[in-house]
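Structure below is query34.txt: compact mmCIF, C-alpha atoms and all ligand atoms.
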```
# COMPACT_ATOMS: atom_id res chain seq x y z
CA MET A 1 0.00 0.00 0.00
CA SER A 2 1.48 3.31 -0.99
CA HIS A 3 1.93 5.78 1.79
CA PRO A 4 -1.23 7.85 2.44
CA ARG A 5 0.31 11.20 1.51
CA LEU A 6 -0.81 14.23 3.44
CA HIS A 7 -2.83 16.40 1.06
CA ASN A 8 -0.73 19.27 -0.12
CA HIS A 9 -3.72 21.49 -0.46
CA TRP A 10 -4.81 21.47 3.16
CA GLU A 11 -4.31 24.79 4.84
CA ASN A 12 -1.06 25.10 6.75
CA PRO A 13 -2.13 25.12 10.44
CA TRP A 14 1.37 25.75 11.81
CA HIS A 15 2.18 29.08 13.47
CA ALA A 16 5.15 30.24 15.51
CA GLY A 17 4.80 29.35 19.17
CA ARG A 18 5.23 33.01 20.23
CA ARG A 19 2.03 33.90 18.35
CA TRP A 20 -0.10 31.88 20.77
CA ARG A 21 -1.07 34.29 23.51
CA ARG A 22 -1.06 32.66 26.93
CA ALA A 23 -4.82 33.22 27.17
CA GLN A 24 -5.33 30.94 24.16
CA LEU A 25 -3.60 27.89 25.60
CA ASP A 26 -4.62 25.69 28.48
CA PRO A 27 -1.65 25.79 30.95
CA VAL A 28 -1.14 22.00 30.85
CA LEU A 29 -1.30 22.02 27.06
CA ARG A 30 1.06 25.01 26.80
CA ASP A 31 3.59 23.29 29.06
CA TRP A 32 3.69 20.22 26.80
CA LEU A 33 3.68 22.16 23.53
CA LEU A 34 6.46 24.59 24.44
CA ASP A 35 8.73 22.23 26.39
CA THR A 36 11.94 21.94 24.35
CA SER A 37 13.41 19.05 26.33
CA SER A 38 13.15 15.50 24.97
CA LEU A 39 9.55 14.37 24.66
CA THR A 40 10.75 10.78 24.84
CA ARG A 41 12.37 11.34 28.22
CA ARG A 42 9.29 13.19 29.50
CA LEU A 43 6.95 10.38 28.46
CA GLN A 44 9.30 7.75 29.88
CA ALA A 45 9.14 9.62 33.18
CA CYS A 46 5.32 9.70 32.98
CA CYS A 47 5.03 5.93 32.49
CA PRO A 48 8.30 4.31 33.62
CA GLY A 49 8.92 0.95 31.99
CA ARG A 50 5.74 1.09 29.90
CA PHE A 51 6.76 3.57 27.17
CA ARG A 52 7.42 2.38 23.65
CA VAL A 53 7.72 3.63 20.09
CA ARG A 54 5.48 1.94 17.51
CA LEU A 55 6.85 2.39 13.99
CA ASP A 56 3.83 2.86 11.74
CA TRP A 57 5.52 3.64 8.43
CA GLN A 58 8.90 4.63 7.06
CA GLY A 59 9.81 5.26 3.45
CA TRP A 60 10.68 7.72 0.71
CA ALA A 61 7.84 10.07 -0.24
CA ARG A 62 7.19 13.68 -1.21
CA PRO A 63 6.65 15.82 1.92
CA SER A 64 3.74 18.27 2.02
CA LEU A 65 4.34 21.71 0.57
CA ASP A 66 4.72 23.39 3.95
CA GLU A 67 7.11 20.65 5.12
CA CYS A 68 9.23 21.34 2.04
CA ARG A 69 9.16 25.04 2.87
CA ALA A 70 10.18 24.38 6.51
CA LEU A 71 13.19 22.34 5.29
CA GLY A 72 14.11 24.46 2.28
CA LEU A 73 13.39 21.57 -0.09
CA ARG A 74 12.26 21.95 -3.68
CA ARG A 75 8.51 21.27 -4.16
CA ARG A 76 8.73 17.75 -5.53
CA GLN A 77 11.91 16.61 -3.72
CA ARG A 78 11.44 13.27 -1.95
CA ALA A 79 12.63 12.71 1.61
CA LEU A 80 12.73 9.89 4.11
CA ILE A 81 9.57 10.03 6.21
CA ARG A 82 9.20 8.25 9.56
CA GLU A 83 5.83 8.02 11.26
CA VAL A 84 5.43 6.59 14.74
CA HIS A 85 3.09 6.59 17.66
CA LEU A 86 4.53 6.98 21.15
CA LEU A 87 2.66 4.68 23.49
CA CYS A 88 2.27 4.59 27.25
CA ASP A 89 0.73 1.33 28.48
CA ASP A 90 0.03 0.57 24.82
CA ARG A 91 -2.14 3.70 24.56
CA PRO A 92 -1.10 6.22 21.86
CA TRP A 93 -0.17 9.54 23.46
CA VAL A 94 1.66 11.16 20.53
CA PHE A 95 1.76 10.79 16.76
CA ALA A 96 5.14 11.86 15.43
CA ARG A 97 6.12 12.44 11.80
CA THR A 98 9.75 13.14 10.93
CA VAL A 99 10.89 14.32 7.49
CA ILE A 100 14.58 13.75 6.77
CA PRO A 101 16.12 15.15 3.56
CA ARG A 102 18.44 12.77 1.72
CA ALA A 103 21.44 15.03 2.38
CA SER A 104 20.83 14.75 6.16
CA LEU A 105 21.32 10.97 5.98
CA HIS A 106 24.95 11.16 4.87
CA GLY A 107 27.80 10.47 7.27
CA ARG A 108 26.76 10.22 10.94
CA GLY A 109 23.15 10.96 9.89
CA ARG A 110 22.97 7.52 8.23
CA ARG A 111 21.83 6.01 11.55
CA LEU A 112 18.61 8.07 11.39
CA ALA A 113 17.37 5.74 8.64
CA HIS A 114 17.81 2.64 10.79
CA LEU A 115 16.20 3.53 14.13
CA GLY A 116 13.42 0.99 13.95
CA GLU A 117 11.50 1.33 17.22
CA ARG A 118 14.31 3.06 19.07
CA PRO A 119 13.25 6.64 19.90
CA LEU A 120 14.62 9.34 17.61
CA GLY A 121 15.01 11.64 20.60
CA ALA A 122 17.63 9.33 22.12
CA VAL A 123 19.85 10.05 19.09
CA LEU A 124 19.06 13.75 18.74
CA PHE A 125 19.50 14.74 22.38
CA ALA A 126 22.69 12.69 22.73
CA ASP A 127 24.35 14.58 19.88
CA PRO A 128 26.35 17.59 21.17
CA ARG A 129 25.93 19.26 17.76
CA MET A 130 22.13 19.21 18.00
CA GLN A 131 20.34 22.54 17.72
CA ARG A 132 16.60 23.15 17.55
CA ASP A 133 14.76 25.94 15.78
CA GLU A 134 11.72 27.73 17.25
CA VAL A 135 8.69 25.51 17.89
CA GLU A 136 5.62 26.05 15.71
CA ILE A 137 2.22 25.16 17.11
CA ALA A 138 -0.93 23.97 15.34
CA ARG A 139 -4.52 23.51 16.42
CA ILE A 140 -5.55 20.64 14.16
CA GLU A 141 -9.23 20.60 13.35
CA PRO A 142 -11.31 17.44 12.84
CA GLY A 143 -11.89 16.78 9.15
CA THR A 144 -8.37 17.74 8.09
CA ALA A 145 -5.97 15.19 6.63
CA LEU A 146 -3.47 15.68 9.46
CA HIS A 147 -6.17 15.14 12.13
CA ALA A 148 -7.26 11.81 10.57
CA HIS A 149 -3.65 10.79 9.92
CA ALA A 150 -2.56 11.45 13.50
CA LEU A 151 -5.49 9.62 15.07
CA GLY A 152 -5.06 6.66 12.71
CA ASP A 153 -6.69 3.55 14.16
CA ALA A 154 -7.76 5.48 17.27
CA GLY A 155 -10.82 6.28 15.19
CA PRO A 156 -12.59 9.51 14.24
CA ASP A 157 -12.71 12.23 16.80
CA ARG A 158 -14.74 15.40 17.01
CA ASP A 159 -12.23 17.33 19.08
CA ALA A 160 -9.44 19.51 17.76
CA ILE A 161 -6.02 18.22 18.76
CA TRP A 162 -2.78 20.15 19.16
CA GLY A 163 0.66 19.66 17.76
CA ARG A 164 4.08 21.20 17.64
CA ARG A 165 6.90 20.93 15.18
CA SER A 166 10.44 22.17 14.89
CA VAL A 167 13.48 21.72 12.71
CA PHE A 168 16.34 19.94 14.45
CA TRP A 169 19.88 20.45 13.15
CA LEU A 170 22.74 17.96 13.49
CA GLY A 171 25.54 20.16 12.31
CA ARG A 172 24.27 21.58 9.04
CA LYS A 173 21.80 18.74 8.48
CA PRO A 174 18.12 19.48 9.17
CA LEU A 175 15.18 17.23 9.92
CA LEU A 176 11.61 18.31 10.62
CA VAL A 177 9.91 16.68 13.60
CA SER A 178 6.16 17.09 14.07
CA GLU A 179 4.47 15.81 17.24
CA ILE A 180 0.69 15.66 17.62
CA PHE A 181 -0.66 15.16 21.12
CA LEU A 182 -3.51 12.66 21.21
CA ASN A 183 -4.03 12.16 24.90
CA LEU A 184 -7.17 13.67 26.44
CA GLN A 185 -5.41 16.07 28.79
CA HIS A 186 -3.64 17.62 25.81
CA ARG A 187 -6.86 18.71 24.16
CA ALA A 188 -8.00 22.26 24.62
C1 LIG A 201 12.46 14.35 19.12
C2 LIG A 201 12.18 13.41 20.00
O1 LIG A 201 11.95 12.11 19.58
C3 LIG A 201 10.66 11.58 19.78
C4 LIG A 201 10.65 10.26 19.11
C5 LIG A 201 10.34 10.19 17.77
C6 LIG A 201 10.60 8.91 16.99
O2 LIG A 201 11.07 7.90 17.58
O3 LIG A 201 10.34 8.93 15.75
C7 LIG A 201 9.81 11.29 17.08
C8 LIG A 201 9.52 12.46 17.76
C9 LIG A 201 9.66 12.58 19.22
O4 LIG A 201 8.43 12.52 19.84
C10 LIG A 201 12.11 13.66 21.47
O5 LIG A 201 12.25 12.69 22.26
O6 LIG A 201 11.95 14.85 21.86
```

Starting from the file, give its structure as structure tokens.
Amino acid sequence: MSHPRLHNHWENPWHAGRRWRRAQLDPVLRDWLLDTSSLTRRLQACCPGRFRVRLDWQGWARPSLDECRALGLRRRQRALIREVHLLCDDRPWVFARTVIPRASLHGRGRRLAHLGERPLGAVLFADPRMQRDEVEIARIEPGTALHAHALGDAGPDRDAIWGRRSVFWLGRKPLLVSEIFLNLQHRA
């Protein structure tokens, strides 16, 4: 089955984190969205011993138009895409989609293509060269491709869900990491 590409035409819901006035974000939600430490480590602390990464899909595909823009890729340039759910007690808390340009997989970046169900964060936050651009935030409305894609087999949902994304740099090699929070307490 070919990868269910995100529709390029859906409106880009991502906006710089600083644009979200404090009044617009539930304090619990804001804390999770704007926390720049490792999400893996934070979830592992929330459910010690019962956290795992479920690899849903990985392969070469064309990113969405706004993902290309975020990474400075040409419109039709393919990239390695990794989609996972982060589970606590086998319950999906986060849907994460990472877009890795081919050039970022050269040299030490080669290991990013072979993570399997090891958390990406363990590699990124262990690398002393790692830098992270400003977080963008999105309120993802039901009925959009990203909303359905993130919820996957969790089934349709009427509530908006929230996500964040940022470009990580390992040296001069970027990758775009988007994280959509699925757990009830993350909904505003
Ligand atoms: C970037 C991190 O890695 C996490 C793990 C991911 C994976 O294994 O694909 C993707 C995004 C993050 O939720 C992190 O821990 O902060």

* **ligand LIG 201 (chain A) neighbours within 9 Å using only C-alpha atoms and all ligand atoms, as a PyMOL selection string** => chain A and resi 36-43+52-55+82-86+94-98+115-125+168+177-180

* **Contacts of A:Arg69 at 12 Å (all atoms listed in the file; same-chain gap of 4+ positions) as a ChimeraX atom specification** => /A:8,12,14,63-65,73-77,99,167,176

* Choose the residue, out of A:Ala79, A:Leu182, A:Leu34, A:Ile137, that has the smallest atom-to-atom separation from A:Ser104; count only C-alpha atoms. =>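 Result for the nearest residue to A:Ser104: A:Ala79.
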
* Asked: Which one is closest to A:Arg102: A:Val135, A:Ile140, A:Ala61, A:Ala126? Count all atoms listed in the file.
  -> A:Ala61

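In this structure, atom CA of A:Ala150 sits 29.5 Å away from atom CA of A:Arg108.
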
* Asked: Do you have the atom CA of A:His114-atom CA of A:Ile81 distance handy?
  ->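 A separation of 12.0 Å between them.
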
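Comparing A:Pro174, A:Ala138, A:Leu151, A:Gly107 by their smallest distance to A:Leu29, the closest is A:Ala138 (using only C-alpha atoms).
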
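The interatomic distance for the pair atom CA of A:Arg110 and atom CA of A:Arg165 works out to 22.1 Å.
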
* To do: Can you pull out every residue within 7 Å of A:Trp93, counting all atoms listed in the file, but drop anything in the same chain fewer than 2 positions away, and send it as a count of residues only?
  => 7

* To do: For a cut-off of 9 Å around (6.5, 1.3, 30.7), file coordinates, pick out all residues using all atoms listed in the file and list them as a VMD selection string.
  => chain A and resid 44 46 to 52 87 to 90

For stretch 37-53 of chain A, what centre and edge lengths in Å (one decimal) does the axis-aligned box get once 4 Å is added on each side of all its listed atoms, as lines of an AutoDock Vina configuration file?
```
center_x = 9.2
center_y = 10.0
center_z = 26.9
size_x = 16.4
size_y = 26.1
size_z = 21.5
```

* To do: Using all atoms listed in the file, find the one residue out of A:Cys68, A:Ala148, A:Ala45, A:Ala103 that sits nearest to A:Leu170.
  =>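 Ranking A:Cys68, A:Ala148, A:Ala45, A:Ala103 by distance to A:Leu170, first place goes to A:Ala103.
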
* Structure fact -> In terms of all atoms listed in the file, the residue from A:Gln58, A:Arg19, A:Arg139, A:His149 at minimal distance from A:Trp162 is A:Arg139
